[in-house]
Structure formats: C-alpha cells, structure tokens
file coords05.pdb (PDB, C-alpha atoms, pLDDT in the B column)
ATOM      1  CA  MET S   1     170.567  11.962 239.907  1.00 52.00           C
ATOM      2  CA  ASP S   2     171.046  15.704 240.026  1.00 61.00           C
ATOM      3  CA  ASP S   3     169.128  18.134 242.233  1.00 72.00           C
ATOM      4  CA  GLN S   4     166.357  18.553 239.687  1.00 76.00           C
ATOM      5  CA  LYS S   5     162.853  18.515 241.134  1.00 84.00           C
ATOM      6  CA  PHE S   6     160.260  16.288 239.504  1.00 85.00           C
ATOM      7  CA  ILE S   7     156.649  17.279 238.978  1.00 90.00           C
ATOM      8  CA  ILE S   8     155.728  13.809 240.182  1.00 91.00           C
ATOM      9  CA  PRO S   9     158.174  13.033 243.020  1.00 89.00           C
ATOM     10  CA  SER S  10     157.733   9.273 242.720  1.00 92.00           C
ATOM     11  CA  VAL S  11     159.146   9.464 239.184  1.00 90.00           C
ATOM     12  CA  GLY S  12     162.333  10.979 240.584  1.00 88.00           C
ATOM     13  CA  LYS S  13     162.557   8.285 243.245  1.00 91.00           C
ATOM     14  CA  LEU S  14     162.086   5.548 240.647  1.00 93.00           C
ATOM     15  CA  ALA S  15     164.661   7.128 238.322  1.00 89.00           C
ATOM     16  CA  SER S  16     167.255   7.415 241.081  1.00 89.00           C
ATOM     17  CA  ARG S  17     166.717   3.780 242.070  1.00 93.00           C
ATOM     18  CA  LEU S  18     167.074   2.600 238.458  1.00 93.00           C
ATOM     19  CA  GLU S  19     170.040   4.819 237.577  1.00 92.00           C
ATOM     20  CA  PRO S  20     172.709   2.242 238.553  1.00 93.00           C
ATOM     21  CA  LEU S  21     171.080  -0.244 236.174  1.00 95.00           C
ATOM     22  CA  ALA S  22     170.862   2.061 233.134  1.00 96.00           C
ATOM     23  CA  ILE S  23     174.350   1.571 231.687  1.00 97.00           C
ATOM     24  CA  PRO S  24     174.543  -2.173 232.445  1.00 97.00           C
ATOM     25  CA  ILE S  25     171.165  -2.766 230.782  1.00 97.00           C
ATOM     26  CA  LEU S  26     172.170  -0.683 227.763  1.00 97.00           C
ATOM     27  CA  ARG S  27     175.501  -2.539 227.525  1.00 98.00           C
ATOM     28  CA  VAL S  28     173.884  -5.984 227.759  1.00 98.00           C
ATOM     29  CA  ILE S  29     171.171  -5.210 225.186  1.00 98.00           C
ATOM     30  CA  VAL S  30     173.677  -3.811 222.671  1.00 98.00           C
ATOM     31  CA  GLY S  31     175.907  -6.827 223.300  1.00 98.00           C
ATOM     32  CA  LEU S  32     173.018  -9.209 222.623  1.00 98.00           C
ATOM     33  CA  VAL S  33     172.157  -7.334 219.412  1.00 98.00           C
ATOM     34  CA  PHE S  34     175.776  -7.633 218.292  1.00 98.00           C
ATOM     35  CA  ILE S  35     175.847 -11.369 219.089  1.00 98.00           C
ATOM     36  CA  TYR S  36     172.587 -11.804 217.160  1.00 97.00           C
ATOM     37  CA  HIS S  37     174.090 -10.110 214.094  1.00 95.00           C
ATOM     38  CA  GLY S  38     177.523 -11.703 214.462  1.00 96.00           C
ATOM     39  CA  TRP S  39     176.330 -15.299 214.775  1.00 95.00           C
ATOM     40  CA  PRO S  40     175.258 -15.687 211.106  1.00 93.00           C
ATOM     41  CA  LYS S  41     178.663 -14.393 210.026  1.00 93.00           C
ATOM     42  CA  LEU S  42     180.471 -16.834 212.306  1.00 94.00           C
ATOM     43  CA  SER S  43     178.241 -19.761 211.352  1.00 92.00           C
ATOM     44  CA  GLY S  44     178.887 -18.969 207.681  1.00 91.00           C
ATOM     45  CA  VAL S  45     182.615 -19.228 208.292  1.00 92.00           C
ATOM     46  CA  LEU S  46     182.217 -22.417 210.351  1.00 91.00           C
ATOM     47  CA  SER S  47     180.026 -24.052 207.701  1.00 90.00           C
ATOM     48  CA  GLY S  48     182.515 -23.279 204.951  1.00 85.00           C
ATOM     49  CA  ASP S  49     180.402 -20.650 203.191  1.00 85.00           C
ATOM     50  CA  GLY S  50     182.717 -17.887 204.379  1.00 85.00           C
ATOM     51  CA  LEU S  51     181.946 -14.200 204.396  1.00 90.00           C
ATOM     52  CA  ALA S  52     181.200 -13.808 200.677  1.00 90.00           C
ATOM     53  CA  GLY S  53     177.789 -12.242 201.281  1.00 88.00           C
ATOM     54  CA  LEU S  54     179.179  -9.643 203.655  1.00 89.00           C
ATOM     55  CA  VAL S  55     182.128  -8.916 201.375  1.00 92.00           C
ATOM     56  CA  GLY S  56     179.656  -8.422 198.510  1.00 89.00           C
ATOM     57  CA  PHE S  57     177.749  -5.970 200.698  1.00 84.00           C
ATOM     58  CA  ILE S  58     180.918  -3.994 201.523  1.00 89.00           C
ATOM     59  CA  GLU S  59     182.563  -3.935 198.064  1.00 89.00           C
ATOM     60  CA  PRO S  60     180.205  -1.435 196.364  1.00 86.00           C
ATOM     61  CA  SER S  61     181.000   1.104 199.093  1.00 85.00           C
ATOM     62  CA  GLY S  62     184.544   1.491 197.785  1.00 87.00           C
ATOM     63  CA  LEU S  63     186.073   0.847 201.213  1.00 89.00           C
ATOM     64  CA  PRO S  64     189.477  -0.825 200.930  1.00 93.00           C
ATOM     65  CA  PHE S  65     190.112  -4.422 201.988  1.00 95.00           C
ATOM     66  CA  PRO S  66     186.484  -5.638 202.174  1.00 94.00           C
ATOM     67  CA  ILE S  67     187.535  -9.136 203.316  1.00 95.00           C
ATOM     68  CA  VAL S  68     189.486  -7.626 206.235  1.00 96.00           C
ATOM     69  CA  LEU S  69     186.518  -5.424 207.129  1.00 95.00           C
ATOM     70  CA  ALA S  70     184.220  -8.456 206.954  1.00 95.00           C
ATOM     71  CA  TRP S  71     186.454 -10.367 209.380  1.00 96.00           C
ATOM     72  CA  LEU S  72     186.615  -7.343 211.682  1.00 96.00           C
ATOM     73  CA  ALA S  73     182.811  -7.109 211.581  1.00 96.00           C
ATOM     74  CA  LEU S  74     182.478 -10.788 212.515  1.00 97.00           C
ATOM     75  CA  ILE S  75     184.963 -10.495 215.394  1.00 97.00           C
ATOM     76  CA  THR S  76     183.551  -7.205 216.662  1.00 98.00           C
ATOM     77  CA  GLU S  77     179.948  -8.313 216.516  1.00 97.00           C
ATOM     78  CA  PHE S  78     180.176 -11.829 217.883  1.00 98.00           C
ATOM     79  CA  PHE S  79     183.125 -11.768 220.269  1.00 98.00           C
ATOM     80  CA  GLY S  80     182.734  -8.070 221.061  1.00 98.00           C
ATOM     81  CA  GLY S  81     179.055  -8.693 221.742  1.00 98.00           C
ATOM     82  CA  ILE S  82     179.920 -11.419 224.246  1.00 98.00           C
ATOM     83  CA  SER S  83     182.420  -9.091 225.901  1.00 98.00           C
ATOM     84  CA  LEU S  84     179.853  -6.293 226.079  1.00 98.00           C
ATOM     85  CA  VAL S  85     177.344  -8.602 227.776  1.00 98.00           C
ATOM     86  CA  LEU S  86     179.992  -9.552 230.317  1.00 98.00           C
ATOM     87  CA  GLY S  87     181.262  -5.995 230.634  1.00 97.00           C
ATOM     88  CA  LEU S  88     184.776  -7.114 229.726  1.00 97.00           C
ATOM     89  CA  TRP S  89     186.968  -4.533 227.986  1.00 97.00           C
ATOM     90  CA  THR S  90     183.818  -2.558 227.280  1.00 98.00           C
ATOM     91  CA  ARG S  91     185.536   0.601 226.061  1.00 97.00           C
ATOM     92  CA  LEU S  92     187.645  -1.316 223.533  1.00 98.00           C
ATOM     93  CA  TRP S  93     184.674  -3.196 222.065  1.00 98.00           C
ATOM     94  CA  ALA S  94     182.443  -0.118 222.158  1.00 98.00           C
ATOM     95  CA  PHE S  95     185.105   1.863 220.278  1.00 98.00           C
ATOM     96  CA  LEU S  96     185.484  -0.864 217.637  1.00 98.00           C
ATOM     97  CA  GLY S  97     181.731  -1.336 217.341  1.00 98.00           C
ATOM     98  CA  ALA S  98     181.073   2.398 217.040  1.00 98.00           C
ATOM     99  CA  GLY S  99     183.737   2.648 214.349  1.00 97.00           C
ATOM    100  CA  GLN S 100     182.165  -0.216 212.444  1.00 96.00           C
ATOM    101  CA  MET S 101     178.692   1.289 212.698  1.00 96.00           C
ATOM    102  CA  PHE S 102     179.906   4.732 211.575  1.00 94.00           C
ATOM    103  CA  LEU S 103     181.614   3.121 208.564  1.00 92.00           C
ATOM    104  CA  ILE S 104     178.335   1.404 207.707  1.00 89.00           C
ATOM    105  CA  VAL S 105     176.362   4.642 208.116  1.00 88.00           C
ATOM    106  CA  PHE S 106     178.637   6.845 206.037  1.00 87.00           C
ATOM    107  CA  PHE S 107     180.070   4.485 203.431  1.00 86.00           C
ATOM    108  CA  VAL S 108     177.911   1.377 203.062  1.00 82.00           C
ATOM    109  CA  LYS S 109     174.396   2.703 203.586  1.00 80.00           C
ATOM    110  CA  GLY S 110     174.942   6.321 202.618  1.00 74.00           C
ATOM    111  CA  PHE S 111     174.152   8.785 205.413  1.00 67.00           C
ATOM    112  CA  GLY S 112     171.103  10.844 204.496  1.00 58.00           C
ATOM    113  CA  GLU S 113     170.313   8.687 201.494  1.00 61.00           C
ATOM    114  CA  VAL S 114     167.616   6.063 201.350  1.00 57.00           C
ATOM    115  CA  HIS S 115     168.838   2.714 200.070  1.00 56.00           C
ATOM    116  CA  TYR S 116     165.908   0.400 200.565  1.00 55.00           C
ATOM    117  CA  ALA S 117     167.821  -2.530 199.116  1.00 55.00           C
ATOM    118  CA  ARG S 118     170.499  -2.075 201.795  1.00 59.00           C
ATOM    119  CA  GLY S 119     168.149  -0.848 204.517  1.00 67.00           C
ATOM    120  CA  GLY S 120     168.088   2.553 206.144  1.00 75.00           C
ATOM    121  CA  PHE S 121     171.013   3.995 208.033  1.00 83.00           C
ATOM    122  CA  GLU S 122     169.037   4.977 211.162  1.00 85.00           C
ATOM    123  CA  TYR S 123     169.440   1.679 213.040  1.00 89.00           C
ATOM    124  CA  ASP S 124     173.196   1.659 212.467  1.00 91.00           C
ATOM    125  CA  LEU S 125     173.442   5.316 213.489  1.00 92.00           C
ATOM    126  CA  VAL S 126     171.637   4.646 216.772  1.00 95.00           C
ATOM    127  CA  LEU S 127     173.995   1.734 217.502  1.00 97.00           C
ATOM    128  CA  ALA S 128     176.995   3.932 216.657  1.00 97.00           C
ATOM    129  CA  VAL S 129     175.852   6.631 219.077  1.00 98.00           C
ATOM    130  CA  VAL S 130     174.985   4.164 221.868  1.00 98.00           C
ATOM    131  CA  LEU S 131     178.365   2.456 221.469  1.00 98.00           C
ATOM    132  CA  SER S 132     180.060   5.864 221.526  1.00 98.00           C
ATOM    133  CA  VAL S 133     178.315   6.600 224.835  1.00 98.00           C
ATOM    134  CA  LEU S 134     179.480   3.236 226.221  1.00 98.00           C
ATOM    135  CA  PHE S 135     183.019   4.090 225.114  1.00 98.00           C
ATOM    136  CA  VAL S 136     182.835   7.360 227.052  1.00 97.00           C
ATOM    137  CA  VAL S 137     181.108   6.150 230.245  1.00 96.00           C
ATOM    138  CA  GLY S 138     182.447   2.587 230.401  1.00 95.00           C
ATOM    139  CA  ALA S 139     180.747  -0.611 231.509  1.00 96.00           C
ATOM    140  CA  GLY S 140     179.042   0.663 234.616  1.00 92.00           C
ATOM    141  CA  GLY S 141     178.361  -1.626 237.542  1.00 89.00           C
ATOM    142  CA  MET S 142     177.719  -5.338 237.326  1.00 94.00           C
ATOM    143  CA  SER S 143     180.590  -5.838 234.904  1.00 96.00           C
ATOM    144  CA  LEU S 144     183.911  -7.597 234.830  1.00 95.00           C
ATOM    145  CA  ASP S 145     185.542  -4.243 234.080  1.00 95.00           C
ATOM    146  CA  SER S 146     184.360  -2.910 237.448  1.00 93.00           C
ATOM    147  CA  LYS S 147     186.177  -5.808 239.173  1.00 93.00           C
ATOM    148  CA  MET S 148     189.498  -5.253 237.371  1.00 92.00           C
ATOM    149  CA  LYS S 149     192.229  -2.887 238.535  1.00 85.00           C
ATOM    150  CA  LYS S 150     193.055  -1.935 234.931  1.00 84.00           C
ATOM    151  CA  THR S 151     191.048  -2.190 231.748  1.00 80.00           C
ATOM    152  CA  PHE S 152     191.070  -0.706 228.247  1.00 78.00           C
TER     153      PHE S 152
END
call {"tool": "encode", "arguments": {"input": "coords05.pdb", "output": "structure tokens"}}
result
Amino acid sequence: MDDQKFIIPSVGKLASRLEPLAIPILRVIVGLVFIYHGWPKLSGVLSGDGLAGLVGFIEPSGLPFPIVLAWLALITEFFGGISLVLGLWTRLWAFLGAGQMFLIVFFVKGFGEVHYARGGFEYDLVLAVVLSVLFVVGAGGMSLDSKMKKTF
C-alpha cells in the first residue's frame, strides 16, 4: 500500500494485509468464469454437436473465419480458464481472453448499442478490462508463473 492515510486506520491495516491476495483472487475468479463459459462449448464438440451455435452467433457480426474464432473462443475460455486458475502463462491467456472479449464487445454485441437478444456488452467489457489488467500486472503470488524462471 502507499503512504496514504485512512480515515479509519483499521481499514488501511486490513487492505494492506489483503493486498497480496487481490490479484490471485481476481485471476482465479476470472479463470473460473472462463471455464464455466468454455465448458458448454467443449462439451458440444465432445458430444458431436460442434460449435454451430457459437458460429451462428459470430457470423452476423461480419468477422472473418467464424469457425476459427469459435475454436479460439473454446480454447481460450476452457483451457485458458484452467491456466488462469493455476496462474500458468497468465499474461498469454489474459491477452488472448481480453482480445476475445474486446472482439465480442465491439463486433458481436455492438459497443454502445443495446442488443437484448444477444445480451448487453457490459459484462464482456468488464471481463476485457480485468483481463487487460491481468496481462499488465501478471499472475501475482500463489501462481505457477511466480515459481517459473521464465514465462510469457
């Protein structure tokens, strides 16, 4: 924590004690959210249904190669989510996840527009910003990245 004085000193003490946990908790929660959203995509592929629903969601946006983007979304969400929980190659997965979320915000959901059928863009924007922060600051403590000599 910086040298800022708190009106209630115990708040400052609590904040400084929790500070080492902030990034790891953020990383784990975002990773779990990604796993939660990636699992239906992976189970669709494993069951033989494929990614048709996701491709159909991407196609109207006009983005090129919707099947490639659907596969990248599956990989980034499920396997990237697992890696985020573990804190393994956090910057790589955060970069890919932020890119995916920004694509969703600006091209699929329409930034500033309200598409109730496709949901609002706010959730995806928050994830994009949080993942961007994780890209900048890294995994924090309690991560596999912190144990490695080199990482992404």
call {"tool": "resolve_selection", "arguments": {"input": "coords05.pdb", "expression": "the PyMOL selection byres ((chain S and resi 82) around 12)", "output": "PyMOL selection string"}}
result
chain S and resi 27-39+75-81+83-90+93-94+144
call {"tool": "axis_aligned_box", "arguments": {"input": "coords05.pdb", "around": "segment 45-64 of chain S", "padding_each_side": "5 Å", "output": "JSON"}}
result
{"center_x": 183.6, "center_y": -11.3, "center_z": 203.4, "size_x": 21.7, "size_y": 35.5, "size_z": 24.0}
call {"tool": "atom_distance", "arguments": {"input": "coords05.pdb", "atom1": "atom CA of Phe135 of chain S", "atom2": "atom CA of Arg91 of chain S"}}
result
4.4 Å
call {"tool": "atom_distance", "arguments": {"input": "coords05.pdb", "atom1": "atom CA of Gly56 of chain S", "atom2": "atom CA of Ala70 of chain S"}}
result
9.6 Å
call {"tool": "resolve_selection", "arguments": {"input": "coords05.pdb", "expression": "the PyMOL selection byres ((chain S and resi 52) around 12)", "output": "list in words"}}
result
Lys41, Gly44, Val45, Gly48, Asp49, Gly50, Leu51, Gly53, Leu54, Val55, Gly56, Phe57, Ile58, Glu59, Pro66, Ile67, Val68, Leu69, Ala70 and Trp71 of chain S
call {"tool": "write_last_selection", "arguments": {"input": "coords05.pdb", "atoms": "C-alpha atoms", "output": "PDB file, in the frame of the given file"}}
result
ATOM      1  CA  LYS S  41     178.663 -14.393 210.026  1.00 93.00           C
ATOM      2  CA  GLY S  44     178.887 -18.969 207.681  1.00 91.00           C
ATOM      3  CA  VAL S  45     182.615 -19.228 208.292  1.00 92.00           C
ATOM      4  CA  GLY S  48     182.515 -23.279 204.951  1.00 85.00           C
ATOM      5  CA  ASP S  49     180.402 -20.650 203.191  1.00 85.00           C
ATOM      6  CA  GLY S  50     182.717 -17.887 204.379  1.00 85.00           C
ATOM      7  CA  LEU S  51     181.946 -14.200 204.396  1.00 90.00           C
ATOM      8  CA  GLY S  53     177.789 -12.242 201.281  1.00 88.00           C
ATOM      9  CA  LEU S  54     179.179  -9.643 203.655  1.00 89.00           C
ATOM     10  CA  VAL S  55     182.128  -8.916 201.375  1.00 92.00           C
ATOM     11  CA  GLY S  56     179.656  -8.422 198.510  1.00 89.00           C
ATOM     12  CA  PHE S  57     177.749  -5.970 200.698  1.00 84.00           C
ATOM     13  CA  ILE S  58     180.918  -3.994 201.523  1.00 89.00           C
ATOM     14  CA  GLU S  59     182.563  -3.935 198.064  1.00 89.00           C
ATOM     15  CA  PRO S  66     186.484  -5.638 202.174  1.00 94.00           C
ATOM     16  CA  ILE S  67     187.535  -9.136 203.316  1.00 95.00           C
ATOM     17  CA  VAL S  68     189.486  -7.626 206.235  1.00 96.00           C
ATOM     18  CA  LEU S  69     186.518  -5.424 207.129  1.00 95.00           C
ATOM     19  CA  ALA S  70     184.220  -8.456 206.954  1.00 95.00           C
ATOM     20  CA  TRP S  71     186.454 -10.367 209.380  1.00 96.00           C
TER      21      TRP S  71
END
call {"tool": "resolve_selection", "arguments": {"input": "coords05.pdb", "expression": "the PyMOL selection byres ((chain S and resi 24) around 7)", "output": "JSON list (two decimals) with C-alpha atoms, keeping the file's coordinate frame"}}
result
[["chain", "number", "residue", "atom", "x", "y", "z"],
["S", 21, "LEU", "CA", 171.08, -0.24, 236.17],
["S", 22, "ALA", "CA", 170.86, 2.06, 233.13],
["S", 23, "ILE", "CA", 174.35, 1.57, 231.69],
["S", 25, "ILE", "CA", 171.16, -2.77, 230.78],
["S", 26, "LEU", "CA", 172.17, -0.68, 227.76],
["S", 27, "ARG", "CA", 175.50, -2.54, 227.52],
["S", 28, "VAL", "CA", 173.88, -5.98, 227.76],
["S", 139, "ALA", "CA", 180.75, -0.61, 231.51],
["S", 140, "GLY", "CA", 179.04, 0.66, 234.62],
["S", 141, "GLY", "CA", 178.36, -1.63, 237.54],
["S", 142, "MET", "CA", 177.72, -5.34, 237.33]]
call {"tool": "residues_around", "arguments": {"input": "coords05.pdb", "residues": "segment 97-109 of chain S", "least_positions_apart": "5", "cutoff": "8 Å", "atoms": "all atoms listed in the file", "output": "list in words"}}
result
Phe57, Ile58, Pro60, Ser61, Gly62, Leu63, Ala73, Thr76, Glu77, Gly80, Val114, His115, Arg118, Gly119, Gly120, Phe121, Glu122, Asp124, Leu125, Leu127, Ala128, Val129, Val130, Leu131 and Ser132 of chain S
call {"tool": "atom_distance", "arguments": {"input": "coords05.pdb", "atom1": "atom CA of Lys147 of chain S", "atom2": "atom CA of Arg17 of chain S"}}
result
21.9 Å
